[in-house]
Amino acid sequence: MRLRRGDAKAAIAAAPHRISGELRTGSQEHFYLEGQVAYAVPGEQRSWRIHSSTQHPGEVQHWIANALGVPAHSVVVECRRIGGGFGGKETQAGQVAVWAALAAHRTGRPVKMRLDRDDDFLVTGKRHDFLERYEAGVDDDGRILG
């Protein structure tokens, strides 16, 4: 394999044909298979057991410890096998777990929180929209020259 870099601007300028334009793609919802859900259970001596639908239990642990003002080792986060998260459970699950933990802290009782799809779409992040601009120089056969 050989990779070469050249002068793209000069190649485009010298090409017999030029094409250019822009393409917009909208934002996308992750639309994971299982909605956001968390179950927070207060334990002894300010300890916590959190069941969370997350791809990143360590992050959920740190968010909850910070929100409750306890050391991270006081928070145990468990998650089932997860598949079909498409990246949406990487950081999105943290806020729902924190809300459940704060409610459990306030009431002193276990709290389960599950967002329905409409609420989930409103509060979780998306894959950002993009604007792509392109310019290319091509020969008479359509081969890209630059």
# chains A, B, ... in the order shown; residues from 1 in each chain; ligands from 1
$ residues_around --residues "A:Ser53" --least-positions-apart "4" --cutoff "12 Å" --atoms "only C-alpha atoms" --output "PyMOL selection string"
chain A and resi 32-40+57+60+77-85+87-97+112-115
$ residues_around --residues "A:Arg46" --least-positions-apart "4" --cutoff "8 Å" --atoms "only C-alpha atoms" --output "PyMOL selection string"
chain A and resi 42+70+74
$ atom_distance --atom1 "atom CA of A:Ala67" --atom2 "atom CA of A:Asp120"
21.0 Å
$ residues_around --residues "A:Lys126" --least-positions-apart "5" --cutoff "10 Å" --atoms "only C-alpha atoms" --output "list in words"
Ser27, Gln28, Glu29, His30, Phe31, Gly88, Gln92 and Phe121 of chain A
$ residues_around --residues "A:Ala72" --least-positions-apart "2" --cutoff "10 Å" --atoms "only C-alpha atoms" --output "list in words"
Ser47, Trp48, Gly58, Val60, Gln61, His62, Trp63, Ile64, Ala65, Asn66, Leu68, Gly69, Val70, Ser74, Val75 and Val76 of chain A
$ write_last_selection --atoms "C-alpha atoms" --output "mmCIF file, in the first residue's frame"
data_model
loop_
_atom_site.group_PDB
_atom_site.id
_atom_site.type_symbol
_atom_site.label_atom_id
_atom_site.label_comp_id
_atom_site.auth_asym_id
_atom_site.auth_seq_id
_atom_site.Cartn_x
_atom_site.Cartn_y
_atom_site.Cartn_z
ATOM 1 C CA SER A 47 -23.727 3.308 50.935
ATOM 2 C CA TRP A 48 -25.677 2.896 47.720
ATOM 3 C CA GLY A 58 -17.826 3.791 36.449
ATOM 4 C CA VAL A 60 -22.529 6.547 36.848
ATOM 5 C CA GLN A 61 -20.703 5.708 40.094
ATOM 6 C CA HIS A 62 -18.774 8.988 40.031
ATOM 7 C CA TRP A 63 -21.825 11.088 39.136
ATOM 8 C CA ILE A 64 -23.864 9.612 41.997
ATOM 9 C CA ALA A 65 -21.029 9.898 44.535
ATOM 10 C CA ASN A 66 -20.620 13.541 43.573
ATOM 11 C CA LEU A 68 -24.789 12.614 47.115
ATOM 12 C CA GLY A 69 -21.517 13.840 48.614
ATOM 13 C CA VAL A 70 -20.210 10.350 49.385
ATOM 14 C CA SER A 74 -19.747 3.883 48.781
ATOM 15 C CA VAL A 75 -21.587 3.528 45.474
ATOM 16 C CA VAL A 76 -21.909 0.160 43.756
#
$ select_by_dssp --residues "stretch 7-105 of chain A" --states "strand (DSSP E)" --output "JSON, numbers by chain"
{"A": [17, 18, 19, 20, 21, 22, 23, 24, 25, 37, 38, 39, 40, 41, 42, 48, 49, 50, 51, 52, 75, 76, 77, 78]}
$ closest_residue --among "A:Gly43, A:Gly26, A:Gly6, A:Gly146" --to "A:Arg109" --atoms "only C-alpha atoms"
A:Gly43
$ select_by_dssp --residues "chain A" --states "helix (DSSP H, G or I)" --output "ChimeraX atom specification"
/A:8-14,44-46,57-68,72-74,93-107,117-123
$ atom_distance --atom1 "atom CA of A:Pro71" --atom2 "atom CA of A:Gln55"
21.4 Å
$ atom_distance --atom1 "atom CA of A:Glu59" --atom2 "atom CA of A:Phe86"
17.2 Å
$ residues_around --residues "A:Leu23" --least-positions-apart "4" --cutoff "12 Å" --atoms "only C-alpha atoms" --output "number ranges by chain"
A: 129-135
$ write_last_selection --atoms "C-alpha atoms" --output "PDB file, in the first residue's frame"
ATOM      1  CA  ASP A 129     -26.091  17.336  12.979  1.00  0.00           C
ATOM      2  CA  PHE A 130     -23.326  17.930  10.436  1.00  0.00           C
ATOM      3  CA  LEU A 131     -22.622  20.234   7.540  1.00  0.00           C
ATOM      4  CA  GLU A 132     -20.163  18.854   5.014  1.00  0.00           C
ATOM      5  CA  ARG A 133     -18.693  21.053   2.280  1.00  0.00           C
ATOM      6  CA  TYR A 134     -16.772  19.454  -0.551  1.00  0.00           C
ATOM      7  CA  GLU A 135     -14.907  20.351  -3.704  1.00  0.00           C
TER       8      GLU A 135
END
$ decode --residues "stretch 54-69 of chain A" --atoms "all heavy atoms" --output "CSV table (one decimal), in the first residue's frame"
chain,number,residue,atom,x,y,z
A,54,THR,N,-26.7,1.1,31.8
A,54,THR,CA,-25.6,1.9,31.3
A,54,THR,C,-24.5,1.1,30.6
A,54,THR,O,-24.4,-0.1,30.9
A,54,THR,CB,-24.9,2.7,32.5
A,54,THR,OG1,-23.9,3.5,32.0
A,54,THR,CG2,-24.3,1.8,33.5
A,55,GLN,N,-23.8,1.8,29.7
A,55,GLN,CA,-22.6,1.2,29.1
A,55,GLN,C,-21.3,1.6,29.9
A,55,GLN,O,-20.2,1.3,29.5
A,55,GLN,CB,-22.5,1.6,27.6
A,55,GLN,CG,-23.5,1.0,26.8
A,55,GLN,CD,-23.5,1.6,25.4
A,55,GLN,OE1,-23.8,2.7,25.2
A,55,GLN,NE2,-23.1,0.8,24.4
A,56,HIS,N,-21.5,2.4,30.9
A,56,HIS,CA,-20.3,3.0,31.6
A,56,HIS,C,-20.6,3.1,33.1
A,56,HIS,O,-20.9,4.2,33.6
A,56,HIS,CB,-20.1,4.4,31.0
A,56,HIS,CG,-18.7,5.0,31.4
A,56,HIS,ND1,-18.0,4.6,32.4
A,56,HIS,CD2,-18.0,5.9,30.7
A,56,HIS,CE1,-16.8,5.2,32.5
A,56,HIS,NE2,-16.8,6.1,31.5
A,57,PRO,N,-20.6,2.0,33.8
A,57,PRO,CA,-21.0,2.0,35.2
A,57,PRO,C,-20.0,2.9,36.1
A,57,PRO,O,-20.4,3.5,37.1
A,57,PRO,CB,-20.9,0.5,35.7
A,57,PRO,CG,-20.2,-0.2,34.6
A,57,PRO,CD,-20.4,0.6,33.3
A,58,GLY,N,-18.8,3.0,35.7
A,58,GLY,CA,-17.8,3.8,36.4
A,58,GLY,C,-18.2,5.3,36.4
A,58,GLY,O,-18.1,6.0,37.4
A,59,GLU,N,-18.7,5.7,35.3
A,59,GLU,CA,-19.1,7.1,35.2
A,59,GLU,C,-20.4,7.4,36.1
A,59,GLU,O,-20.5,8.4,36.8
A,59,GLU,CB,-19.4,7.5,33.8
A,59,GLU,CG,-19.8,9.0,33.6
A,59,GLU,CD,-20.0,9.4,32.2
A,59,GLU,OE1,-20.9,8.9,31.5
A,59,GLU,OE2,-19.2,10.2,31.8
A,60,VAL,N,-21.3,6.4,36.0
A,60,VAL,CA,-22.5,6.5,36.8
A,60,VAL,C,-22.1,6.6,38.3
A,60,VAL,O,-22.7,7.4,39.1
A,60,VAL,CB,-23.5,5.4,36.5
A,60,VAL,CG1,-24.7,5.4,37.5
A,60,VAL,CG2,-24.0,5.5,35.1
A,61,GLN,N,-21.2,5.7,38.7
A,61,GLN,CA,-20.7,5.7,40.1
A,61,GLN,C,-20.2,7.1,40.5
A,61,GLN,O,-20.5,7.6,41.6
A,61,GLN,CB,-19.6,4.7,40.2
A,61,GLN,CG,-19.0,4.6,41.6
A,61,GLN,CD,-17.7,3.8,41.7
A,61,GLN,OE1,-17.0,3.8,40.7
A,61,GLN,NE2,-17.5,3.1,42.8
A,62,HIS,N,-19.4,7.7,39.7
A,62,HIS,CA,-18.8,9.0,40.0
A,62,HIS,C,-19.8,10.1,40.1
A,62,HIS,O,-19.8,11.0,40.9
A,62,HIS,CB,-17.6,9.3,39.1
A,62,HIS,CG,-16.4,8.5,39.3
A,62,HIS,ND1,-15.6,8.5,40.4
A,62,HIS,CD2,-15.9,7.5,38.5
A,62,HIS,CE1,-14.7,7.6,40.3
A,62,HIS,NE2,-14.8,7.0,39.1
A,63,TRP,N,-20.8,10.1,39.1
A,63,TRP,CA,-21.8,11.1,39.1
A,63,TRP,C,-22.7,11.0,40.4
A,63,TRP,O,-23.0,12.0,41.0
A,63,TRP,CB,-22.7,10.9,37.9
A,63,TRP,CG,-22.2,11.4,36.6
A,63,TRP,CD1,-20.9,11.5,36.2
A,63,TRP,CD2,-23.0,11.7,35.5
A,63,TRP,NE1,-20.9,11.9,34.9
A,63,TRP,CE2,-22.2,12.1,34.4
A,63,TRP,CE3,-24.4,11.8,35.3
A,63,TRP,CZ2,-22.6,12.5,33.2
A,63,TRP,CZ3,-24.8,12.2,34.0
A,63,TRP,CH2,-23.9,12.6,33.0
A,64,ILE,N,-23.0,9.8,40.8
A,64,ILE,CA,-23.9,9.6,42.0
A,64,ILE,C,-23.1,10.0,43.3
A,64,ILE,O,-23.6,10.7,44.1
A,64,ILE,CB,-24.4,8.2,42.1
A,64,ILE,CG1,-25.5,8.0,40.9
A,64,ILE,CG2,-25.1,7.9,43.4
A,64,ILE,CD1,-26.0,6.6,40.8
A,65,ALA,N,-21.8,9.5,43.4
A,65,ALA,CA,-21.0,9.9,44.5
A,65,ALA,C,-20.9,11.4,44.7
A,65,ALA,O,-21.1,12.0,45.8
A,65,ALA,CB,-19.6,9.3,44.4
A,66,ASN,N,-20.7,12.1,43.6
A,66,ASN,CA,-20.6,13.5,43.6
A,66,ASN,C,-21.9,14.2,44.0
A,66,ASN,O,-22.0,15.1,44.8
A,66,ASN,CB,-20.2,14.0,42.2
A,66,ASN,CG,-19.9,15.5,42.2
A,66,ASN,OD1,-19.1,16.0,43.1
A,66,ASN,ND2,-20.5,16.2,41.3
A,67,ALA,N,-23.1,13.7,43.4
A,67,ALA,CA,-24.4,14.3,43.7
A,67,ALA,C,-24.8,14.1,45.2
A,67,ALA,O,-25.4,14.9,45.8
A,67,ALA,CB,-25.4,13.7,42.8
A,68,LEU,N,-24.4,12.9,45.7
A,68,LEU,CA,-24.8,12.6,47.1
A,68,LEU,C,-23.7,13.0,48.1
A,68,LEU,O,-24.0,12.9,49.3
A,68,LEU,CB,-25.1,11.1,47.2
A,68,LEU,CG,-26.3,10.6,46.4
A,68,LEU,CD1,-26.4,9.1,46.6
A,68,LEU,CD2,-27.6,11.3,46.8
A,69,GLY,N,-22.6,13.4,47.7
A,69,GLY,CA,-21.5,13.8,48.6
A,69,GLY,C,-20.9,12.7,49.4
A,69,GLY,O,-20.6,12.8,50.6
